[in-house]
$ cat model.pdb   # PDB, C-alpha atoms, pLDDT in the B column
ATOM      1  CA  MET A   1      -3.466  37.063   6.571  1.00 97.00           C
ATOM      2  CA  ILE A   2      -0.809  35.681   4.211  1.00 98.00           C
ATOM      3  CA  ALA A   3      -0.865  31.979   3.325  1.00 98.00           C
ATOM      4  CA  ILE A   4       1.307  29.922   0.966  1.00 98.00           C
ATOM      5  CA  SER A   5      -0.180  27.002  -0.954  1.00 97.00           C
ATOM      6  CA  LEU A   6       2.527  24.416  -0.284  1.00 97.00           C
ATOM      7  CA  GLY A   7       2.497  21.347  -2.510  1.00 95.00           C
ATOM      8  CA  PHE A   8       6.113  20.372  -1.754  1.00 97.00           C
ATOM      9  CA  GLY A   9       7.022  20.534  -5.427  1.00 96.00           C
ATOM     10  CA  VAL A  10       9.857  22.665  -6.794  1.00 97.00           C
ATOM     11  CA  GLN A  11       8.052  25.999  -7.042  1.00 97.00           C
ATOM     12  CA  SER A  12       6.031  25.980  -3.833  1.00 97.00           C
ATOM     13  CA  PHE A  13       8.993  24.743  -1.794  1.00 98.00           C
ATOM     14  CA  THR A  14      11.185  27.467  -3.307  1.00 98.00           C
ATOM     15  CA  LEU A  15       8.563  30.020  -2.331  1.00 97.00           C
ATOM     16  CA  SER A  16       8.445  28.722   1.253  1.00 98.00           C
ATOM     17  CA  ALA A  17      12.230  28.454   1.491  1.00 98.00           C
ATOM     18  CA  MET A  18      12.601  32.058   0.312  1.00 98.00           C
ATOM     19  CA  VAL A  19      10.410  33.120   3.216  1.00 98.00           C
ATOM     20  CA  ALA A  20      12.407  30.904   5.578  1.00 98.00           C
ATOM     21  CA  LEU A  21      15.703  32.504   4.487  1.00 98.00           C
ATOM     22  CA  GLY A  22      14.374  36.056   4.500  1.00 97.00           C
ATOM     23  CA  GLU A  23      14.278  36.666   0.745  1.00 97.00           C
ATOM     24  CA  LEU A  24      10.517  37.137   0.939  1.00 98.00           C
ATOM     25  CA  PRO A  25       8.490  38.712   3.769  1.00 97.00           C
ATOM     26  CA  PRO A  26       7.133  36.513   6.586  1.00 98.00           C
ATOM     27  CA  VAL A  27       3.843  34.675   6.102  1.00 98.00           C
ATOM     28  CA  ASP A  28       1.287  33.472   8.603  1.00 98.00           C
ATOM     29  CA  VAL A  29       1.119  29.901   7.364  1.00 98.00           C
ATOM     30  CA  ALA A  30       2.085  27.512   4.596  1.00 98.00           C
ATOM     31  CA  ILE A  31      -0.778  25.095   3.960  1.00 98.00           C
ATOM     32  CA  HIS A  32      -0.146  21.676   2.465  1.00 97.00           C
ATOM     33  CA  ALA A  33      -3.246  19.950   1.060  1.00 96.00           C
ATOM     34  CA  ASP A  34      -2.477  16.242   1.288  1.00 95.00           C
ATOM     35  CA  THR A  35      -4.475  14.325  -1.299  1.00 93.00           C
ATOM     36  CA  THR A  36      -3.342  11.086   0.460  1.00 93.00           C
ATOM     37  CA  HIS A  37      -2.261   9.869  -2.997  1.00 94.00           C
ATOM     38  CA  GLU A  38       0.990  11.787  -3.474  1.00 95.00           C
ATOM     39  CA  LYS A  39       4.077   9.975  -4.693  1.00 95.00           C
ATOM     40  CA  SER A  40       6.206   8.456  -1.941  1.00 95.00           C
ATOM     41  CA  ASP A  41       9.063  10.857  -2.782  1.00 95.00           C
ATOM     42  CA  THR A  42       6.816  13.781  -1.889  1.00 96.00           C
ATOM     43  CA  TYR A  43       5.903  12.338   1.511  1.00 97.00           C
ATOM     44  CA  THR A  44       9.561  11.619   2.243  1.00 97.00           C
ATOM     45  CA  PHE A  45      10.526  15.149   1.225  1.00 97.00           C
ATOM     46  CA  ALA A  46       7.745  16.730   3.304  1.00 97.00           C
ATOM     47  CA  ALA A  47       8.723  14.735   6.391  1.00 97.00           C
ATOM     48  CA  LYS A  48      12.331  15.887   6.020  1.00 98.00           C
ATOM     49  CA  TRP A  49      11.833  19.560   5.195  1.00 98.00           C
ATOM     50  CA  THR A  50       8.744  20.521   7.219  1.00 98.00           C
ATOM     51  CA  PRO A  51      10.824  20.682  10.440  1.00 98.00           C
ATOM     52  CA  TRP A  52      13.394  22.833   8.621  1.00 98.00           C
ATOM     53  CA  LEU A  53      10.748  25.289   7.454  1.00 98.00           C
ATOM     54  CA  GLU A  54       9.234  25.530  10.911  1.00 98.00           C
ATOM     55  CA  ALA A  55      12.654  25.980  12.522  1.00 98.00           C
ATOM     56  CA  HIS A  56      13.100  28.953  10.189  1.00 98.00           C
ATOM     57  CA  GLY A  57       9.802  30.562  11.127  1.00 98.00           C
ATOM     58  CA  VAL A  58       7.419  29.142   8.511  1.00 98.00           C
ATOM     59  CA  ARG A  59       4.424  27.504  10.126  1.00 98.00           C
ATOM     60  CA  VAL A  60       3.321  24.450   8.114  1.00 98.00           C
ATOM     61  CA  VAL A  61      -0.230  23.104   8.374  1.00 98.00           C
ATOM     62  CA  THR A  62      -1.402  19.943   6.604  1.00 97.00           C
ATOM     63  CA  VAL A  63      -5.062  19.590   5.651  1.00 97.00           C
ATOM     64  CA  LYS A  64      -6.951  16.767   3.956  1.00 93.00           C
ATOM     65  CA  SER A  65     -10.178  16.391   2.037  1.00 86.00           C
ATOM     66  CA  LEU A  66     -13.103  14.692   3.699  1.00 78.00           C
ATOM     67  CA  ARG A  67     -13.252  12.400   0.629  1.00 75.00           C
ATOM     68  CA  THR A  68     -10.200  11.240  -1.308  1.00 72.00           C
ATOM     69  CA  ASP A  69     -11.564   8.160  -3.039  1.00 78.00           C
ATOM     70  CA  PRO A  70     -10.139   8.217  -6.589  1.00 81.00           C
ATOM     71  CA  GLY A  71     -13.242   6.425  -7.845  1.00 75.00           C
ATOM     72  CA  ASN A  72     -15.737   8.837  -6.299  1.00 74.00           C
ATOM     73  CA  GLU A  73     -18.278   9.983  -8.876  1.00 71.00           C
ATOM     74  CA  HIS A  74     -18.135  13.593  -7.637  1.00 75.00           C
ATOM     75  CA  ASP A  75     -14.405  14.207  -6.945  1.00 81.00           C
ATOM     76  CA  HIS A  76     -12.723  12.289  -9.739  1.00 85.00           C
ATOM     77  CA  PRO A  77      -9.587  13.150 -11.754  1.00 90.00           C
ATOM     78  CA  PRO A  78      -9.966  13.665 -15.524  1.00 92.00           C
ATOM     79  CA  TYR A  79     -10.026   9.988 -16.462  1.00 93.00           C
ATOM     80  CA  SER A  80     -10.271   9.019 -20.110  1.00 93.00           C
ATOM     81  CA  THR A  81     -13.424   7.284 -21.340  1.00 91.00           C
ATOM     82  CA  ASN A  82     -14.547   5.280 -24.358  1.00 85.00           C
ATOM     83  CA  THR A  83     -17.822   7.133 -24.675  1.00 68.00           C
ATOM     84  CA  ASP A  84     -18.167   8.182 -28.304  1.00 60.00           C
ATOM     85  CA  SER A  85     -17.624   7.083 -31.876  1.00 56.00           C
ATOM     86  CA  THR A  86     -14.278   8.901 -32.105  1.00 58.00           C
ATOM     87  CA  GLY A  87     -12.774   6.581 -29.502  1.00 63.00           C
ATOM     88  CA  GLY A  88     -13.485   8.328 -26.240  1.00 75.00           C
ATOM     89  CA  GLY A  89     -13.602  11.470 -24.174  1.00 86.00           C
ATOM     90  CA  ARG A  90     -12.418  12.692 -20.814  1.00 87.00           C
ATOM     91  CA  LEU A  91     -14.189  13.399 -17.546  1.00 88.00           C
ATOM     92  CA  MET A  92     -14.059  16.880 -16.080  1.00 89.00           C
ATOM     93  CA  ARG A  93     -11.313  17.396 -13.525  1.00 89.00           C
ATOM     94  CA  ARG A  94     -12.871  17.624 -10.071  1.00 88.00           C
ATOM     95  CA  CYS A  95     -10.015  16.354  -7.906  1.00 91.00           C
ATOM     96  CA  THR A  96      -8.121  19.644  -7.539  1.00 91.00           C
ATOM     97  CA  GLY A  97     -11.123  21.517  -6.223  1.00 90.00           C
ATOM     98  CA  ALA A  98     -12.186  18.753  -3.854  1.00 90.00           C
ATOM     99  CA  TRP A  99      -8.794  17.494  -2.664  1.00 92.00           C
ATOM    100  CA  LYS A 100      -6.784  20.721  -2.564  1.00 94.00           C
ATOM    101  CA  ILE A 101      -8.759  23.962  -2.857  1.00 94.00           C
ATOM    102  CA  ALA A 102     -11.678  23.044  -0.587  1.00 94.00           C
ATOM    103  CA  PRO A 103      -9.575  21.763   2.375  1.00 95.00           C
ATOM    104  CA  ILE A 104      -7.332  24.837   2.232  1.00 97.00           C
ATOM    105  CA  ARG A 105     -10.320  27.165   2.203  1.00 97.00           C
ATOM    106  CA  ARG A 106     -11.976  25.342   5.090  1.00 96.00           C
ATOM    107  CA  TRP A 107      -8.851  25.922   7.173  1.00 97.00           C
ATOM    108  CA  LEU A 108      -8.611  29.563   6.122  1.00 98.00           C
ATOM    109  CA  GLN A 109     -12.246  30.244   6.965  1.00 97.00           C
ATOM    110  CA  ALA A 110     -11.805  28.653  10.380  1.00 97.00           C
ATOM    111  CA  ASN A 111      -8.625  30.588  11.196  1.00 97.00           C
ATOM    112  CA  ARG A 112      -8.645  33.945   9.428  1.00 96.00           C
ATOM    113  CA  ALA A 113     -10.787  35.636  12.106  1.00 95.00           C
ATOM    114  CA  GLY A 114     -12.595  37.693   9.503  1.00 95.00           C
ATOM    115  CA  GLN A 115      -9.404  38.959   7.896  1.00 96.00           C
ATOM    116  CA  PRO A 116      -8.911  38.980   4.128  1.00 98.00           C
ATOM    117  CA  VAL A 117      -6.382  36.453   2.853  1.00 98.00           C
ATOM    118  CA  GLU A 118      -3.485  36.961   0.474  1.00 98.00           C
ATOM    119  CA  GLN A 119      -2.759  33.504  -0.933  1.00 98.00           C
ATOM    120  CA  TRP A 120       0.699  32.978  -2.426  1.00 98.00           C
ATOM    121  CA  ILE A 121       0.773  30.389  -5.204  1.00 97.00           C
ATOM    122  CA  GLY A 122       3.964  28.812  -6.550  1.00 96.00           C
ATOM    123  CA  ILE A 123       3.467  29.370 -10.259  1.00 95.00           C
ATOM    124  CA  SER A 124       6.683  30.207 -12.091  1.00 96.00           C
ATOM    125  CA  LEU A 125       7.203  32.392 -15.143  1.00 95.00           C
ATOM    126  CA  ASP A 126       7.142  29.484 -17.602  1.00 94.00           C
ATOM    127  CA  GLU A 127       3.699  28.536 -16.255  1.00 92.00           C
ATOM    128  CA  ALA A 128       2.191  32.021 -16.309  1.00 92.00           C
ATOM    129  CA  MET A 129      -0.787  30.759 -18.293  1.00 93.00           C
ATOM    130  CA  ARG A 130      -1.925  28.948 -15.114  1.00 91.00           C
ATOM    131  CA  MET A 131      -2.463  32.218 -13.229  1.00 94.00           C
ATOM    132  CA  LYS A 132      -6.091  32.725 -12.257  1.00 94.00           C
ATOM    133  CA  PRO A 133      -7.727  35.264  -9.954  1.00 94.00           C
ATOM    134  CA  SER A 134      -9.493  34.032  -6.858  1.00 95.00           C
ATOM    135  CA  ASP A 135     -13.169  33.212  -7.241  1.00 94.00           C
ATOM    136  CA  VAL A 136     -14.011  34.173  -3.642  1.00 96.00           C
ATOM    137  CA  LYS A 137     -14.013  37.700  -2.248  1.00 96.00           C
ATOM    138  CA  TYR A 138     -11.983  37.076   0.898  1.00 97.00           C
ATOM    139  CA  ILE A 139      -8.951  35.647  -0.971  1.00 98.00           C
ATOM    140  CA  THR A 140      -6.591  37.556  -3.253  1.00 97.00           C
ATOM    141  CA  HIS A 141      -4.039  35.529  -5.217  1.00 97.00           C
ATOM    142  CA  ARG A 142      -0.401  36.554  -5.505  1.00 97.00           C
ATOM    143  CA  TRP A 143       2.432  34.917  -7.477  1.00 97.00           C
ATOM    144  CA  PRO A 144       5.814  35.996  -6.012  1.00 97.00           C
ATOM    145  CA  LEU A 145       7.831  33.803  -8.406  1.00 97.00           C
ATOM    146  CA  ILE A 146       6.208  35.584 -11.348  1.00 97.00           C
ATOM    147  CA  GLU A 147       7.080  38.914  -9.742  1.00 97.00           C
ATOM    148  CA  LYS A 148      10.693  37.744  -9.455  1.00 97.00           C
ATOM    149  CA  ARG A 149      10.651  36.559 -13.102  1.00 97.00           C
ATOM    150  CA  MET A 150      11.712  33.085 -11.974  1.00 97.00           C
ATOM    151  CA  THR A 151      11.182  29.984 -14.105  1.00 97.00           C
ATOM    152  CA  ARG A 152      11.127  26.449 -12.747  1.00 96.00           C
ATOM    153  CA  GLY A 153      14.760  26.119 -13.805  1.00 97.00           C
ATOM    154  CA  ALA A 154      15.625  29.280 -11.887  1.00 97.00           C
ATOM    155  CA  CYS A 155      13.920  27.831  -8.822  1.00 98.00           C
ATOM    156  CA  ILE A 156      16.079  24.705  -9.067  1.00 98.00           C
ATOM    157  CA  GLN A 157      19.196  26.860  -9.388  1.00 98.00           C
ATOM    158  CA  TRP A 158      18.146  28.905  -6.369  1.00 98.00           C
ATOM    159  CA  LEU A 159      17.617  25.785  -4.247  1.00 98.00           C
ATOM    160  CA  GLN A 160      20.978  24.364  -5.273  1.00 98.00           C
ATOM    161  CA  ALA A 161      22.736  27.674  -4.605  1.00 98.00           C
ATOM    162  CA  HIS A 162      21.347  27.594  -1.058  1.00 98.00           C
ATOM    163  CA  ASN A 163      22.284  23.937  -0.493  1.00 98.00           C
ATOM    164  CA  LEU A 164      18.648  22.874  -0.350  1.00 98.00           C
ATOM    165  CA  GLU A 165      17.250  19.644  -1.762  1.00 98.00           C
ATOM    166  CA  VAL A 166      15.357  19.829  -5.042  1.00 98.00           C
ATOM    167  CA  PRO A 167      12.021  18.008  -4.685  1.00 97.00           C
ATOM    168  CA  SER A 168      10.493  15.823  -7.355  1.00 93.00           C
ATOM    169  CA  LYS A 169       7.352  16.987  -9.125  1.00 91.00           C
ATOM    170  CA  SER A 170       4.346  16.784  -6.847  1.00 91.00           C
ATOM    171  CA  ALA A 171       1.413  14.787  -8.239  1.00 92.00           C
ATOM    172  CA  CYS A 172      -0.895  11.919  -7.383  1.00 94.00           C
ATOM    173  CA  THR A 173       0.451   8.524  -8.406  1.00 95.00           C
ATOM    174  CA  PHE A 174      -2.431   7.956 -10.834  1.00 94.00           C
ATOM    175  CA  CYS A 175      -2.676  11.497 -12.215  1.00 95.00           C
ATOM    176  CA  PRO A 176      -3.903  11.348 -15.841  1.00 94.00           C
ATOM    177  CA  TYR A 177      -1.643  14.302 -16.675  1.00 93.00           C
ATOM    178  CA  HIS A 178       1.576  12.311 -16.219  1.00 93.00           C
ATOM    179  CA  ASP A 179       3.633  12.334 -19.392  1.00 91.00           C
ATOM    180  CA  THR A 180       5.264   9.200 -20.811  1.00 90.00           C
ATOM    181  CA  ARG A 181       8.549   9.872 -19.040  1.00 91.00           C
ATOM    182  CA  ALA A 182       6.805  10.086 -15.659  1.00 92.00           C
ATOM    183  CA  TRP A 183       5.006   6.788 -16.291  1.00 94.00           C
ATOM    184  CA  GLN A 184       8.255   5.179 -17.422  1.00 93.00           C
ATOM    185  CA  GLU A 185      10.064   6.278 -14.284  1.00 93.00           C
ATOM    186  CA  MET A 186       7.271   5.134 -11.996  1.00 94.00           C
ATOM    187  CA  LYS A 187       7.015   1.727 -13.629  1.00 93.00           C
ATOM    188  CA  SER A 188      10.785   1.170 -13.670  1.00 91.00           C
ATOM    189  CA  ARG A 189      11.009   1.991  -9.973  1.00 90.00           C
ATOM    190  CA  GLY A 190       8.025  -0.176  -9.122  1.00 88.00           C
ATOM    191  CA  GLY A 191       7.090  -0.107  -5.455  1.00 93.00           C
ATOM    192  CA  VAL A 192       4.024   1.394  -3.840  1.00 96.00           C
ATOM    193  CA  ASP A 193       3.596   4.264  -6.323  1.00 96.00           C
ATOM    194  CA  TRP A 194       3.250   2.035  -9.377  1.00 96.00           C
ATOM    195  CA  GLN A 195       1.163  -0.443  -7.414  1.00 96.00           C
ATOM    196  CA  GLU A 196      -1.308   2.265  -6.394  1.00 96.00           C
ATOM    197  CA  ALA A 197      -1.526   3.636  -9.934  1.00 96.00           C
ATOM    198  CA  VAL A 198      -2.300   0.190 -11.348  1.00 96.00           C
ATOM    199  CA  GLN A 199      -4.738  -0.577  -8.534  1.00 96.00           C
ATOM    200  CA  VAL A 200      -6.670   2.643  -9.116  1.00 95.00           C
ATOM    201  CA  ASP A 201      -6.655   2.154 -12.891  1.00 96.00           C
ATOM    202  CA  ASN A 202      -8.160  -1.310 -12.513  1.00 95.00           C
ATOM    203  CA  ALA A 203     -10.635  -0.225  -9.830  1.00 94.00           C
ATOM    204  CA  ILE A 204     -12.179   2.621 -11.856  1.00 93.00           C
ATOM    205  CA  ARG A 205     -12.733   0.592 -15.025  1.00 93.00           C
ATOM    206  CA  LYS A 206     -16.446  -0.116 -14.433  1.00 90.00           C
ATOM    207  CA  ALA A 207     -17.139   2.722 -12.002  1.00 87.00           C
ATOM    208  CA  ARG A 208     -19.164   4.787 -14.490  1.00 84.00           C
ATOM    209  CA  PRO A 209     -21.255   2.445 -16.660  1.00 84.00           C
ATOM    210  CA  PRO A 210     -22.031   2.062 -19.480  1.00 84.00           C
ATOM    211  CA  TYR A 211     -18.507   3.083 -20.509  1.00 86.00           C
ATOM    212  CA  ASP A 212     -15.082   2.216 -19.121  1.00 91.00           C
ATOM    213  CA  LEU A 213     -12.646   4.594 -17.408  1.00 93.00           C
ATOM    214  CA  PHE A 214      -8.872   4.659 -17.798  1.00 95.00           C
ATOM    215  CA  VAL A 215      -6.060   6.543 -16.084  1.00 95.00           C
ATOM    216  CA  HIS A 216      -3.985   6.690 -19.299  1.00 95.00           C
ATOM    217  CA  PRO A 217      -5.216   8.689 -22.326  1.00 91.00           C
ATOM    218  CA  SER A 218      -4.539   5.701 -24.609  1.00 91.00           C
ATOM    219  CA  ARG A 219      -7.604   4.095 -22.976  1.00 92.00           C
ATOM    220  CA  ARG A 220      -5.665   0.930 -22.246  1.00 93.00           C
ATOM    221  CA  PRO A 221      -4.907  -0.618 -18.851  1.00 94.00           C
ATOM    222  CA  LEU A 222      -1.648   0.633 -17.334  1.00 94.00           C
ATOM    223  CA  GLU A 223      -0.412  -2.925 -16.882  1.00 92.00           C
ATOM    224  CA  GLN A 224      -0.645  -3.526 -20.651  1.00 92.00           C
ATOM    225  CA  LEU A 225       1.073  -0.345 -21.868  1.00 90.00           C
ATOM    226  CA  ASP A 226       4.407  -0.481 -23.632  1.00 86.00           C
ATOM    227  CA  LEU A 227       6.120   2.497 -22.038  1.00 82.00           C
ATOM    228  CA  ARG A 228       9.466   2.017 -23.738  1.00 72.00           C
ATOM    229  CA  THR A 229      10.945   4.862 -25.754  1.00 62.00           C
ATOM    230  CA  ASP A 230      11.309   4.572 -29.535  1.00 60.00           C
ATOM    231  CA  ALA A 231      15.008   3.804 -29.076  1.00 62.00           C
ATOM    232  CA  GLU A 232      14.232   1.104 -26.533  1.00 65.00           C
ATOM    233  CA  ARG A 233      11.858  -0.459 -29.064  1.00 62.00           C
ATOM    234  CA  GLY A 234      14.703  -0.664 -31.587  1.00 61.00           C
ATOM    235  CA  GLN A 235      14.197   2.480 -33.652  1.00 55.00           C
ATOM    236  CA  MET A 236      17.511   3.743 -35.027  1.00 52.00           C
ATOM    237  CA  SER A 237      18.619   7.227 -34.013  1.00 45.00           C
ATOM    238  CA  LEU A 238      19.958   9.456 -36.782  1.00 46.00           C
ATOM    239  CA  TRP A 239      21.878  11.673 -34.385  1.00 40.00           C
ATOM    240  CA  ASP A 240      24.083   9.308 -32.400  1.00 42.00           C
ATOM    241  CA  GLU A 241      27.253  10.091 -34.360  1.00 40.00           C
ATOM    242  CA  GLU A 242      29.092  13.395 -34.592  1.00 38.00           C
ATOM    243  CA  CYS A 243      28.251  15.445 -37.691  1.00 35.00           C
ATOM    244  CA  SER A 244      30.917  15.070 -40.412  1.00 32.00           C
ATOM    245  CA  GLY A 245      30.023  18.343 -42.116  1.00 34.00           C
ATOM    246  CA  LEU A 246      28.693  16.744 -45.328  1.00 38.00           C
ATOM    247  CA  CYS A 247      25.093  17.981 -45.178  1.00 32.00           C
ATOM    248  CA  GLY A 248      25.726  21.089 -47.246  1.00 36.00           C
ATOM    249  CA  VAL A 249      25.774  23.555 -44.361  1.00 38.00           C
TER     250      VAL A 249
END
$ encode --input "model.pdb" --output "structure tokens"
Amino acid sequence: MIAISLGFGVQSFTLSAMVALGELPPVDVAIHADTTHEKSDTYTFAAKWTPWLEAHGVRVVTVKSLRTDPGNEHDHPPYSTNTDSTGGGRLMRRCTGAWKIAPIRRWLQANRAGQPVEQWIGISLDEAMRMKPSDVKYITHRWPLIEKRMTRGACIQWLQAHNLEVPSKSACTFCPYHDTRAWQEMKSRGGVDWQEAVQVDNAIRKARPPYDLFVHPSRRPLEQLDLRTDAERGQMSLWDEECSGLCGV
């Protein structure tokens, strides 16, 4: 049995689209693990492109965790804490296993009819360090984008060359791994994504006494963060003007 892990980000959608257009062999299923906290762009993209995948022979199945409470003491993301004298630590990441891996494996166990599973994962060449073998005997991992020597940029080029939409990065709204640019974009757009991130950040604050929890690694509430760039804060750029050739080079 061949199954794609479909997150509806750039790499996993490229992988599924390659199957749909015949550039990769057919698969039995593409499984999307819905954390119920994805960014609104991801849900919009999935609603638009799932019918296209299925019309091109890729069966898409959506599964969900039995528990997706971002404040749950067992299934939490890696929130930052103020636990020690150095300023704080970070909780272990438990969300991926509980919200993505476990629901996919439940579906596979219920539907594989005793067959071994080859699970295709959308890791690209520039993310090769994320490759990990399966930790269960009935699943073997495979990374077709690595085999094709494709980076994330190459995936974007492939999608554009085939007149397919390029999805935004797939992640939960309150993911602690967002970089500053992602937080800036979310806050500037406002709407339900930023609202959920702020709501979760405030809700988890006292969830694990005696210390506080924070979504952002600065250990400050999202609502209070200054997410402007250095330039936006008034710092002068040294590279705005064309070089006049007087630096001795």
$ closest_residue --input "model.pdb" --among "A:Asp41, A:Asp193, A:Glu73, A:Glu165" --to "A:Leu213" --atoms "only C-alpha atoms"
A:Glu73
$ resolve_selection --input "model.pdb" --expression "the PyMOL selection byres ((chain A and resi 66) around 10)" --output "CSV table (one decimal) with C-alpha atoms, keeping the file's coordinate frame"
chain,number,residue,atom,x,y,z
A,35,THR,CA,-4.5,14.3,-1.3
A,63,VAL,CA,-5.1,19.6,5.7
A,64,LYS,CA,-7.0,16.8,4.0
A,65,SER,CA,-10.2,16.4,2.0
A,67,ARG,CA,-13.3,12.4,0.6
A,68,THR,CA,-10.2,11.2,-1.3
A,69,ASP,CA,-11.6,8.2,-3.0
A,98,ALA,CA,-12.2,18.8,-3.9
A,99,TRP,CA,-8.8,17.5,-2.7
A,102,ALA,CA,-11.7,23.0,-0.6
A,103,PRO,CA,-9.6,21.8,2.4
$ resolve_selection --input "model.pdb" --expression "the PyMOL selection byres ((chain A and resi 1-12) around 6)" --output "VMD selection string"
chain A and resid 13 to 15 27 to 32 117 to 122 167 169 to 170
$ write_last_selection --input "model.pdb" --atoms "C-alpha atoms" --output "PDB file, in the frame of the given file"
ATOM      1  CA  PHE A  13       8.993  24.743  -1.794  1.00 98.00           C
ATOM      2  CA  THR A  14      11.185  27.467  -3.307  1.00 98.00           C
ATOM      3  CA  LEU A  15       8.563  30.020  -2.331  1.00 97.00           C
ATOM      4  CA  VAL A  27       3.843  34.675   6.102  1.00 98.00           C
ATOM      5  CA  ASP A  28       1.287  33.472   8.603  1.00 98.00           C
ATOM      6  CA  VAL A  29       1.119  29.901   7.364  1.00 98.00           C
ATOM      7  CA  ALA A  30       2.085  27.512   4.596  1.00 98.00           C
ATOM      8  CA  ILE A  31      -0.778  25.095   3.960  1.00 98.00           C
ATOM      9  CA  HIS A  32      -0.146  21.676   2.465  1.00 97.00           C
ATOM     10  CA  VAL A 117      -6.382  36.453   2.853  1.00 98.00           C
ATOM     11  CA  GLU A 118      -3.485  36.961   0.474  1.00 98.00           C
ATOM     12  CA  GLN A 119      -2.759  33.504  -0.933  1.00 98.00           C
ATOM     13  CA  TRP A 120       0.699  32.978  -2.426  1.00 98.00           C
ATOM     14  CA  ILE A 121       0.773  30.389  -5.204  1.00 97.00           C
ATOM     15  CA  GLY A 122       3.964  28.812  -6.550  1.00 96.00           C
ATOM     16  CA  PRO A 167      12.021  18.008  -4.685  1.00 97.00           C
ATOM     17  CA  LYS A 169       7.352  16.987  -9.125  1.00 91.00           C
ATOM     18  CA  SER A 170       4.346  16.784  -6.847  1.00 91.00           C
TER      19      SER A 170
END
$ residues_around --input "model.pdb" --residues "A:Ala20" --least-positions-apart "5" --cutoff "7 Å" --atoms "all atoms listed in the file" --output "list in words"
Leu53, His56, Gly57 and Val58 of chain A
$ resolve_selection --input "model.pdb" --expression "the PyMOL selection byres ((chain A and resi 23) around 12)" --output "PDB file with C-alpha atoms, in the frame of the given file"
ATOM      1  CA  THR A  14      11.185  27.467  -3.307  1.00 98.00           C
ATOM      2  CA  LEU A  15       8.563  30.020  -2.331  1.00 97.00           C
ATOM      3  CA  SER A  16       8.445  28.722   1.253  1.00 98.00           C
ATOM      4  CA  ALA A  17      12.230  28.454   1.491  1.00 98.00           C
ATOM      5  CA  MET A  18      12.601  32.058   0.312  1.00 98.00           C
ATOM      6  CA  VAL A  19      10.410  33.120   3.216  1.00 98.00           C
ATOM      7  CA  ALA A  20      12.407  30.904   5.578  1.00 98.00           C
ATOM      8  CA  LEU A  21      15.703  32.504   4.487  1.00 98.00           C
ATOM      9  CA  GLY A  22      14.374  36.056   4.500  1.00 97.00           C
ATOM     10  CA  LEU A  24      10.517  37.137   0.939  1.00 98.00           C
ATOM     11  CA  PRO A  25       8.490  38.712   3.769  1.00 97.00           C
ATOM     12  CA  PRO A  26       7.133  36.513   6.586  1.00 98.00           C
ATOM     13  CA  VAL A  27       3.843  34.675   6.102  1.00 98.00           C
ATOM     14  CA  PRO A 144       5.814  35.996  -6.012  1.00 97.00           C
ATOM     15  CA  LEU A 145       7.831  33.803  -8.406  1.00 97.00           C
ATOM     16  CA  LYS A 148      10.693  37.744  -9.455  1.00 97.00           C
ATOM     17  CA  TRP A 158      18.146  28.905  -6.369  1.00 98.00           C
ATOM     18  CA  HIS A 162      21.347  27.594  -1.058  1.00 98.00           C
TER      19      HIS A 162
END
$ axis_aligned_box --input "model.pdb" --around "stretch 141-158 of chain A" --padding-each-side "6 Å" --output "lines of an AutoDock Vina configuration file"
center_x = 7.6
center_y = 31.8
center_z = -9.7
size_x = 35.2
size_y = 26.2
size_z = 20.9
$ atom_distance --input "model.pdb" --atom1 "atom CA of A:Ala203" --atom2 "atom CA of A:Leu227"
20.9 Å
$ residues_around --input "model.pdb" --residues "A:Asp201" --least-positions-apart "2" --cutoff "6 Å" --atoms "only C-alpha atoms" --output "NGL selection string"
:A and (198-199 or 203-204 or 214-215)
$ atom_distance --input "model.pdb" --atom1 "atom CA of A:Arg205" --atom2 "atom CA of A:Asn72"
12.4 Å
$ residues_around --input "model.pdb" --residues "A:Arg152" --least-positions-apart "3" --cutoff "7 Å" --atoms "all atoms listed in the file" --output "ChimeraX atom specification"
/A:11,124,126,155-156
$ residues_around --input "model.pdb" --residues "A:His76" --least-positions-apart "2" --cutoff "8 Å" --atoms "all atoms listed in the file" --output "ChimeraX atom specification"
/A:69-74,78-79,92-95
$ closest_residue --input "model.pdb" --among "A:Ala207, A:Ile123, A:Cys175, A:Leu164" --to "A:Phe45" --atoms "only C-alpha atoms"
A:Leu164
$ atom_distance --input "model.pdb" --atom1 "atom CA of A:Gly190" --atom2 "atom CA of A:Pro176"
17.9 Å
$ closest_residue --input "model.pdb" --among "A:Ala113, A:Ala128, A:Ala154, A:Ala171" --to "A:Arg142" --atoms "only C-alpha atoms"
A:Ala128
$ closest_residue --input "model.pdb" --among "A:Gln184, A:Ser218, A:Gln157, A:Gln224" --to "A:Ser80" --atoms "all atoms listed in the file"
A:Ser218
$ residues_around --input "model.pdb" --residues "A:Arg228" --least-positions-apart "6" --cutoff "10 Å" --atoms "all atoms listed in the file" --output "PyMOL selection string"
chain A and resi 180-181+183-184+234
$ build_atoms --input "model.pdb" --residues "stretch 140-144 of chain A" --atoms "N, CA and C atoms" --output "PDB file, in the coordinates of the input"
ATOM      1  N   THR A 140      -7.264  36.954  -2.117  1.00 97.00           N
ATOM      2  CA  THR A 140      -6.591  37.556  -3.253  1.00 97.00           C
ATOM      3  C   THR A 140      -5.360  36.715  -3.574  1.00 97.00           C
ATOM      4  N   HIS A 141      -5.196  36.331  -4.816  1.00 97.00           N
ATOM      5  CA  HIS A 141      -4.039  35.529  -5.217  1.00 97.00           C
ATOM      6  C   HIS A 141      -2.834  36.426  -5.506  1.00 97.00           C
ATOM      7  N   ARG A 142      -1.652  35.871  -5.185  1.00 97.00           N
ATOM      8  CA  ARG A 142      -0.401  36.554  -5.505  1.00 97.00           C
ATOM      9  C   ARG A 142       0.603  35.495  -5.961  1.00 97.00           C
ATOM     10  N   TRP A 143       1.460  35.864  -6.910  1.00 97.00           N
ATOM     11  CA  TRP A 143       2.432  34.917  -7.477  1.00 97.00           C
ATOM     12  C   TRP A 143       3.842  35.516  -7.369  1.00 97.00           C
ATOM     13  N   PRO A 144       4.490  35.377  -6.213  1.00 97.00           N
ATOM     14  CA  PRO A 144       5.814  35.996  -6.012  1.00 97.00           C
ATOM     15  C   PRO A 144       6.884  35.519  -6.988  1.00 97.00           C
TER      16      PRO A 144
END
